[in-house]
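Source file: work_20.tsv. Holds: TSV, N, CA and C atoms.
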chain	number	residue	atom	x	y	z
X	62	MET	N	55.93	91.87	-13.59
X	62	MET	CA	55.35	92.69	-14.61
X	62	MET	C	56.07	94.03	-14.63
X	63	LYS	N	56.49	94.45	-15.81
X	63	LYS	CA	57.21	95.70	-15.95
X	63	LYS	C	56.24	96.87	-16.00
X	64	LEU	N	56.54	97.88	-15.20
X	64	LEU	CA	55.70	99.07	-15.16
X	64	LEU	C	55.94	99.93	-16.39
X	65	PRO	N	54.90	100.62	-16.85
X	65	PRO	CA	55.13	101.56	-17.94
X	65	PRO	C	56.05	102.69	-17.46
X	66	THR	N	56.79	103.24	-18.37
X	66	THR	CA	57.75	104.28	-18.01
X	66	THR	C	57.05	105.62	-17.80
X	67	ILE	N	57.17	106.11	-16.61
X	67	ILE	CA	56.73	107.47	-16.28
X	67	ILE	C	57.99	108.18	-15.83
X	68	HIS	N	58.42	109.15	-16.60
X	68	HIS	CA	59.71	109.78	-16.35
X	68	HIS	C	59.75	110.58	-15.05
X	69	ASN	N	58.64	111.15	-14.67
X	69	ASN	CA	58.57	111.92	-13.43
X	69	ASN	C	57.25	111.60	-12.72
X	70	PRO	N	57.22	110.48	-11.98
X	70	PRO	CA	55.96	110.07	-11.33
X	70	PRO	C	55.43	111.10	-10.33
X	71	ALA	N	56.31	111.85	-9.67
X	71	ALA	CA	55.86	112.84	-8.69
X	71	ALA	C	55.09	113.97	-9.39
X	72	LEU	N	55.59	114.41	-10.53
X	72	LEU	CA	54.90	115.45	-11.28
X	72	LEU	C	53.58	114.93	-11.85
X	73	PHE	N	53.59	113.70	-12.32
X	73	PHE	CA	52.37	113.08	-12.84
X	73	PHE	C	51.31	112.97	-11.75
X	74	ALA	N	51.73	112.53	-10.56
X	74	ALA	CA	50.80	112.42	-9.43
X	74	ALA	C	50.28	113.79	-9.02
X	75	LYS	N	51.15	114.80	-9.08
X	75	LYS	CA	50.72	116.16	-8.76
X	75	LYS	C	49.58	116.58	-9.67
X	76	TYR	N	49.72	116.34	-10.97
X	76	TYR	CA	48.67	116.72	-11.91
X	76	TYR	C	47.40	115.90	-11.71
X	77	LEU	N	47.54	114.64	-11.32
X	77	LEU	CA	46.36	113.83	-11.02
X	77	LEU	C	45.61	114.37	-9.80
X	78	PHE	N	46.36	114.78	-8.78
X	78	PHE	CA	45.73	115.37	-7.60
X	78	PHE	C	45.02	116.67	-7.95
X	79	ILE	N	45.65	117.50	-8.77
X	79	ILE	CA	45.03	118.77	-9.17
X	79	ILE	C	43.77	118.52	-9.98
X	80	PHE	N	43.83	117.56	-10.90
X	80	PHE	CA	42.65	117.22	-11.70
X	80	PHE	C	41.52	116.71	-10.81
X	81	THR	N	41.85	115.85	-9.86
X	81	THR	CA	40.83	115.32	-8.95
X	81	THR	C	40.22	116.44	-8.11
X	82	ALA	N	41.04	117.38	-7.65
X	82	ALA	CA	40.53	118.52	-6.89
X	82	ALA	C	39.58	119.35	-7.74
X	83	ALA	N	39.92	119.54	-9.01
X	83	ALA	CA	39.05	120.30	-9.91
X	83	ALA	C	37.72	119.59	-10.11
X	84	VAL	N	37.77	118.28	-10.26
X	84	VAL	CA	36.54	117.49	-10.42
X	84	VAL	C	35.67	117.62	-9.16
X	85	LEU	N	36.30	117.54	-8.00
X	85	LEU	CA	35.55	117.68	-6.74
X	85	LEU	C	34.92	119.06	-6.62
X	86	ASP	N	35.64	120.09	-7.03
X	86	ASP	CA	35.07	121.44	-6.97
X	86	ASP	C	33.86	121.58	-7.89
X	87	VAL	N	33.95	121.00	-9.08
X	87	VAL	CA	32.80	121.03	-10.00
X	87	VAL	C	31.61	120.30	-9.39
X	88	PHE	N	31.85	119.13	-8.82
X	88	PHE	CA	30.77	118.37	-8.18
X	88	PHE	C	30.16	119.16	-7.02
X	89	ALA	N	31.00	119.84	-6.24
X	89	ALA	CA	30.49	120.63	-5.12
X	89	ALA	C	29.62	121.78	-5.62
X	90	LEU	N	30.06	122.46	-6.66
X	90	LEU	CA	29.26	123.54	-7.22
X	90	LEU	C	27.94	123.02	-7.79
X	91	LEU	N	27.98	121.88	-8.46
X	91	LEU	CA	26.75	121.29	-8.99
X	91	LEU	C	25.81	120.89	-7.85
X	92	THR	N	26.37	120.45	-6.74
X	92	THR	CA	25.55	120.10	-5.58
X	92	THR	C	24.87	121.33	-5.00
X	93	PHE	N	25.60	122.44	-4.93
X	93	PHE	CA	24.99	123.70	-4.48
X	93	PHE	C	23.86	124.13	-5.41
X	94	MET	N	24.02	123.90	-6.69
X	94	MET	CA	23.00	124.30	-7.66
X	94	MET	C	21.73	123.48	-7.53
X	95	ARG	N	21.82	122.30	-6.92
X	95	ARG	CA	20.64	121.45	-6.73
X	95	ARG	C	19.75	121.93	-5.59
X	96	ILE	N	20.26	122.84	-4.78
X	96	ILE	CA	19.49	123.33	-3.63
X	96	ILE	C	18.41	124.28	-4.13
X	97	THR	N	17.19	124.00	-3.72
X	97	THR	CA	16.09	124.91	-4.01
X	97	THR	C	15.64	125.55	-2.71
X	98	GLU	N	14.85	126.57	-2.83
X	98	GLU	CA	14.45	127.34	-1.65
X	98	GLU	C	13.69	126.49	-0.63
X	99	PHE	N	12.84	125.60	-1.09
X	99	PHE	CA	12.01	124.83	-0.17
X	99	PHE	C	12.42	123.35	-0.11
X	100	SER	N	13.65	123.09	-0.46
X	100	SER	CA	14.12	121.71	-0.45
X	100	SER	C	14.29	121.21	0.99
X	101	GLU	N	13.72	120.05	1.27
X	101	GLU	CA	13.88	119.45	2.60
X	101	GLU	C	15.28	118.90	2.80
X	102	ALA	N	15.95	118.56	1.71
X	102	ALA	CA	17.28	117.98	1.78
X	102	ALA	C	18.38	119.03	1.60
X	103	ALA	N	18.04	120.30	1.71
X	103	ALA	CA	19.02	121.36	1.46
X	103	ALA	C	20.23	121.25	2.39
X	104	ILE	N	20.00	120.93	3.64
X	104	ILE	CA	21.12	120.84	4.59
X	104	ILE	C	22.08	119.72	4.18
X	105	TYR	N	21.54	118.62	3.66
X	105	TYR	CA	22.39	117.52	3.22
X	105	TYR	C	23.23	117.93	2.01
X	106	HIS	N	22.65	118.69	1.11
X	106	HIS	CA	23.40	119.17	-0.05
X	106	HIS	C	24.52	120.11	0.38
X	107	VAL	N	24.24	120.95	1.35
X	107	VAL	CA	25.27	121.87	1.86
X	107	VAL	C	26.40	121.07	2.51
X	108	ILE	N	26.05	120.08	3.30
X	108	ILE	CA	27.08	119.24	3.95
X	108	ILE	C	27.91	118.50	2.92
X	109	TYR	N	27.26	117.89	1.93
X	109	TYR	CA	27.99	117.17	0.87
X	109	TYR	C	28.92	118.11	0.12
X	110	ALA	N	28.43	119.30	-0.22
X	110	ALA	CA	29.25	120.26	-0.95
X	110	ALA	C	30.45	120.69	-0.11
X	111	PHE	N	30.22	120.96	1.17
X	111	PHE	CA	31.32	121.34	2.06
X	111	PHE	C	32.36	120.24	2.14
X	112	LEU	N	31.92	118.98	2.27
X	112	LEU	CA	32.86	117.86	2.33
X	112	LEU	C	33.65	117.72	1.03
X	113	MET	N	33.00	117.98	-0.10
X	113	MET	CA	33.72	117.91	-1.38
X	113	MET	C	34.75	119.03	-1.49
X	114	PHE	N	34.40	120.24	-1.04
X	114	PHE	CA	35.38	121.33	-1.04
X	114	PHE	C	36.55	121.01	-0.12
X	115	ALA	N	36.27	120.43	1.05
X	115	ALA	CA	37.33	120.06	1.99
X	115	ALA	C	38.23	118.98	1.39
X	116	ASP	N	37.63	118.00	0.74
X	116	ASP	CA	38.41	116.95	0.09
X	116	ASP	C	39.27	117.54	-1.02
X	117	ALA	N	38.72	118.47	-1.78
X	117	ALA	CA	39.49	119.13	-2.84
X	117	ALA	C	40.67	119.90	-2.25
X	118	ALA	N	40.45	120.55	-1.13
X	118	ALA	CA	41.54	121.29	-0.48
X	118	ALA	C	42.65	120.34	-0.02
X	119	LEU	N	42.26	119.18	0.52
X	119	LEU	CA	43.26	118.20	0.93
X	119	LEU	C	43.99	117.62	-0.27
X	120	MET	N	43.28	117.45	-1.38
X	120	MET	CA	43.92	116.98	-2.61
X	120	MET	C	44.96	118.00	-3.10
X	121	LEU	N	44.61	119.28	-3.02
X	121	LEU	CA	45.57	120.31	-3.43
X	121	LEU	C	46.76	120.35	-2.49
X	122	LEU	N	46.52	120.14	-1.21
X	122	LEU	CA	47.62	120.07	-0.26
X	122	LEU	C	48.59	118.95	-0.66
X	123	CYS	N	48.03	117.80	-0.98
X	123	CYS	CA	48.86	116.67	-1.42
X	123	CYS	C	49.58	117.01	-2.72
X	124	ALA	N	48.88	117.65	-3.63
X	124	ALA	CA	49.47	117.98	-4.94
X	124	ALA	C	50.72	118.82	-4.80
X	125	PHE	N	50.67	119.81	-3.92
X	125	PHE	CA	51.79	120.73	-3.84
X	125	PHE	C	52.85	120.31	-2.83
X	126	ARG	N	52.61	119.22	-2.12
X	126	ARG	CA	53.62	118.73	-1.18
X	126	ARG	C	54.19	117.36	-1.56
X	127	ILE	N	53.58	116.69	-2.53
X	127	ILE	CA	53.98	115.31	-2.85
X	127	ILE	C	55.39	115.24	-3.42
X	128	GLN	N	55.84	116.28	-4.08
X	128	GLN	CA	57.17	116.27	-4.69
X	128	GLN	C	58.29	116.52	-3.68
X	129	LYS	N	57.96	116.85	-2.46
X	129	LYS	CA	58.97	117.17	-1.45
X	129	LYS	C	59.59	115.92	-0.81
X	130	GLN	N	59.11	114.75	-1.17
X	130	GLN	CA	59.62	113.46	-0.69
X	130	GLN	C	59.63	113.36	0.83
X	131	LYS	N	58.48	113.62	1.43
X	131	LYS	CA	58.34	113.44	2.87
X	131	LYS	C	57.43	112.24	3.10
X	132	LYS	N	57.85	111.38	4.03
X	132	LYS	CA	57.05	110.19	4.32
X	132	LYS	C	55.65	110.55	4.79
X	133	SER	N	55.54	111.57	5.62
X	133	SER	CA	54.23	111.94	6.17
X	133	SER	C	53.28	112.38	5.05
X	134	THR	N	53.78	113.14	4.08
X	134	THR	CA	52.94	113.56	2.96
X	134	THR	C	52.53	112.36	2.12
X	135	TYR	N	53.48	111.47	1.88
X	135	TYR	CA	53.18	110.28	1.08
X	135	TYR	C	52.08	109.44	1.72
X	136	TRP	N	52.21	109.16	3.01
X	136	TRP	CA	51.23	108.32	3.68
X	136	TRP	C	49.89	109.02	3.85
X	137	PHE	N	49.92	110.34	4.02
X	137	PHE	CA	48.67	111.10	4.07
X	137	PHE	C	47.94	111.00	2.73
X	138	ALA	N	48.68	111.12	1.64
X	138	ALA	CA	48.09	111.02	0.30
X	138	ALA	C	47.51	109.63	0.06
X	139	VAL	N	48.24	108.60	0.46
X	139	VAL	CA	47.74	107.22	0.31
X	139	VAL	C	46.46	107.03	1.13
X	140	LEU	N	46.46	107.52	2.36
X	140	LEU	CA	45.28	107.41	3.22
X	140	LEU	C	44.09	108.17	2.63
X	141	LEU	N	44.32	109.38	2.15
X	141	LEU	CA	43.25	110.17	1.56
X	141	LEU	C	42.63	109.47	0.36
X	142	LEU	N	43.46	108.94	-0.51
X	142	LEU	CA	42.95	108.23	-1.69
X	142	LEU	C	42.18	106.97	-1.28
X	143	ALA	N	42.72	106.23	-0.32
X	143	ALA	CA	42.04	105.01	0.14
X	143	ALA	C	40.68	105.33	0.76
X	144	VAL	N	40.62	106.38	1.55
X	144	VAL	CA	39.35	106.79	2.16
X	144	VAL	C	38.36	107.21	1.08
X	145	ASN	N	38.83	107.95	0.07
X	145	ASN	CA	37.95	108.35	-1.03
X	145	ASN	C	37.36	107.15	-1.76
X	146	ILE	N	38.15	106.11	-1.90
X	146	ILE	CA	37.66	104.91	-2.58
X	146	ILE	C	36.66	104.17	-1.70
X	147	ILE	N	36.98	104.03	-0.42
X	147	ILE	CA	36.12	103.28	0.50
X	147	ILE	C	34.79	103.98	0.75
X	148	VAL	N	34.81	105.31	0.87
X	148	VAL	CA	33.61	106.07	1.19
X	148	VAL	C	32.52	105.91	0.13
X	149	ILE	N	32.91	105.62	-1.09
X	149	ILE	CA	31.95	105.50	-2.18
X	149	ILE	C	30.93	104.39	-1.93
X	150	ILE	N	31.30	103.36	-1.18
X	150	ILE	CA	30.35	102.27	-0.95
X	150	ILE	C	29.18	102.71	-0.07
X	151	PHE	N	29.31	103.85	0.62
X	151	PHE	CA	28.23	104.35	1.46
X	151	PHE	C	27.28	105.28	0.71
X	152	ASP	N	27.50	105.44	-0.56
X	152	ASP	CA	26.69	106.32	-1.40
X	152	ASP	C	25.91	105.45	-2.38
X	153	GLN	N	24.96	106.06	-3.04
X	153	GLN	CA	24.29	105.35	-4.13
X	153	GLN	C	25.28	105.29	-5.29
X	154	ILE	N	25.71	104.10	-5.60
X	154	ILE	CA	26.78	103.94	-6.60
X	154	ILE	C	26.22	104.12	-8.00
X	155	GLY	N	26.77	105.11	-8.69
X	155	GLY	CA	26.39	105.39	-10.07
X	155	GLY	C	27.64	105.51	-10.92
X	156	LEU	N	27.47	105.90	-12.15
X	156	LEU	CA	28.60	106.01	-13.08
X	156	LEU	C	29.61	107.04	-12.58
X	157	THR	N	29.14	108.16	-12.05
X	157	THR	CA	30.03	109.18	-11.54
X	157	THR	C	30.88	108.64	-10.40
X	158	ASP	N	30.27	107.88	-9.50
X	158	ASP	CA	31.02	107.30	-8.38
X	158	ASP	C	32.07	106.31	-8.86
X	159	ILE	N	31.71	105.51	-9.84
X	159	ILE	CA	32.66	104.52	-10.38
X	159	ILE	C	33.84	105.22	-11.04
X	160	LEU	N	33.57	106.27	-11.82
X	160	LEU	CA	34.65	107.01	-12.47
X	160	LEU	C	35.54	107.72	-11.44
X	161	PHE	N	34.92	108.28	-10.41
X	161	PHE	CA	35.69	108.94	-9.36
X	161	PHE	C	36.55	107.93	-8.61
X	162	ALA	N	36.00	106.76	-8.32
X	162	ALA	CA	36.78	105.71	-7.66
X	162	ALA	C	37.93	105.25	-8.54
X	163	ALA	N	37.68	105.14	-9.84
X	163	ALA	CA	38.74	104.74	-10.77
X	163	ALA	C	39.86	105.77	-10.81
X	164	LEU	N	39.51	107.04	-10.80
X	164	LEU	CA	40.52	108.11	-10.80
X	164	LEU	C	41.35	108.05	-9.52
X	165	ASN	N	40.70	107.86	-8.38
X	165	ASN	CA	41.42	107.74	-7.12
X	165	ASN	C	42.27	106.47	-7.08
X	166	ALA	N	41.73	105.38	-7.60
X	166	ALA	CA	42.48	104.12	-7.61
X	166	ALA	C	43.72	104.23	-8.51
X	167	PHE	N	43.58	104.90	-9.65
X	167	PHE	CA	44.72	105.08	-10.54
X	167	PHE	C	45.80	105.93	-9.87
X	168	THR	N	45.41	106.99	-9.20
X	168	THR	CA	46.37	107.83	-8.49
X	168	THR	C	47.04	107.04	-7.37
X	169	LEU	N	46.26	106.24	-6.65
X	169	LEU	CA	46.80	105.40	-5.59
X	169	LEU	C	47.79	104.39	-6.17
X	170	TYR	N	47.46	103.81	-7.30
X	170	TYR	CA	48.37	102.87	-7.96
X	170	TYR	C	49.70	103.55	-8.29
X	171	ILE	N	49.65	104.76	-8.82
X	171	ILE	CA	50.88	105.49	-9.14
X	171	ILE	C	51.72	105.70	-7.88
X	172	LEU	N	51.06	106.09	-6.79
X	172	LEU	CA	51.79	106.30	-5.54
X	172	LEU	C	52.43	105.02	-5.03
X	173	LEU	N	51.72	103.93	-5.10
X	173	LEU	CA	52.24	102.67	-4.57
X	173	LEU	C	53.29	102.04	-5.50
X	174	ALA	N	53.06	102.11	-6.79
X	174	ALA	CA	53.97	101.47	-7.74
X	174	ALA	C	55.30	102.21	-7.85
X	175	TYR	N	55.27	103.51	-7.69
X	175	TYR	CA	56.48	104.32	-7.81
X	175	TYR	C	56.84	104.94	-6.46
X	176	ARG	N	56.72	104.16	-5.43
X	176	ARG	CA	56.92	104.67	-4.07
X	176	ARG	C	58.28	105.34	-3.88
X	177	ALA	N	59.29	104.84	-4.54
X	177	ALA	CA	60.64	105.39	-4.37
X	177	ALA	C	60.72	106.85	-4.82
X	178	ALA	N	59.86	107.25	-5.73
X	178	ALA	CA	59.88	108.63	-6.20
X	178	ALA	C	59.22	109.59	-5.22
X	179	PHE	N	58.49	109.06	-4.25
X	179	PHE	CA	57.74	109.91	-3.32
X	179	PHE	C	58.29	109.90	-1.90
X	180	THR	N	59.15	108.97	-1.59
X	180	THR	CA	59.69	108.86	-0.23
X	180	THR	C	61.18	109.12	-0.25
X	181	PRO	N	61.73	109.61	0.85
X	181	PRO	CA	63.17	109.89	0.88
X	181	PRO	C	63.99	108.62	0.77
X	182	GLN	N	65.08	108.72	0.04
X	182	GLN	CA	65.97	107.57	-0.13
X	182	GLN	C	67.14	107.69	0.86
X	183	PRO	N	67.53	106.58	1.49
X	183	PRO	CA	68.62	106.64	2.47
X	183	PRO	C	69.96	106.96	1.83
Show me the file's structure as structure tokens.
Amino acid sequence: MKLPTIHNPALFAKYLFIFTAAVLDVFALLTFMRITEFSEAAIYHVIYAFLMFADAALMLLCAFRIQKQKKSTYWFAVLLLAVNIIVIIFDQIGLTDILFAALNAFTLYILLAYRAAFTPQP
């Protein structure tokens, strides 16, 4: 099967990582907004929000290093995306989770399908 032409897959992946980080930041802020003064689950919301901010930071790290063609960055990005997809099964799966998994899966597909653009060539 012939892949669609992406003239600069590294730049495209960079923008996907940045978009995903922005989505995670919005979700984290919305999670903080759900906290009420007497909420029993407030600590869980804080933990979820912190994890989303941390994931967004790792996504940005990948975004700004993916074009440098380092194997370690490439495999870290693949691992991060795979973990993001797998972790969703431990949550209550809703439309937001499915869309987030699809976004991560699409980014992972780009990384795997155009691997030569992300790893050093001999």
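When all atoms listed in the file are used to measure the gap to Thr168 (chain X), the shortest distance among X:Ala71, X:Ile147, X:Ile104, X:Leu142 belongs to X:Leu142.
Neighbouring residues of region 83-97 of chain X at 10 Å or closer, counting only C-alpha atoms and skipping chain neighbours under 4 positions away, are Leu77, Phe78, Ile79, Glu101, Ala102, Ala103, Ile104, Tyr105, His106, Val107, Ile108, Tyr109, Ala110, Phe111, Leu112, Met113, Phe114, Ala115, Asp116, Ala117, Ala118, Met120, Leu121, Thr157 and Phe161 of chain X.
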Nearest to Ala162 (chain X): which of X:Arg176, X:Ala124, X:Asn145, X:Ala138 is it, counting all atoms listed in the file?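 Using all atoms listed in the file, Ala162 (chain X) sits closest to X:Asn145.
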Smallest atom-to-atom distance to Val139 (chain X): which of X:Ile127, X:Leu169, X:Leu72, X:Ala82, using only N, CA and C atoms?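 Result for the nearest residue to Val139 (chain X): X:Leu169.
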Å distance separating CA of Thr81 (chain X) from CA of Leu119 (chain X), one decimal place: 10.6 Å
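Going from atom C of Ser133 (chain X) to CA of Thr66 (chain X) covers 24.8 Å.
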Could you check the closest approach to Trp136 (chain X) for each of X:Asn69, X:Leu164, X:Phe179, X:Ser100 and tell me which residue wins, using all atoms listed in the file? X:Phe179
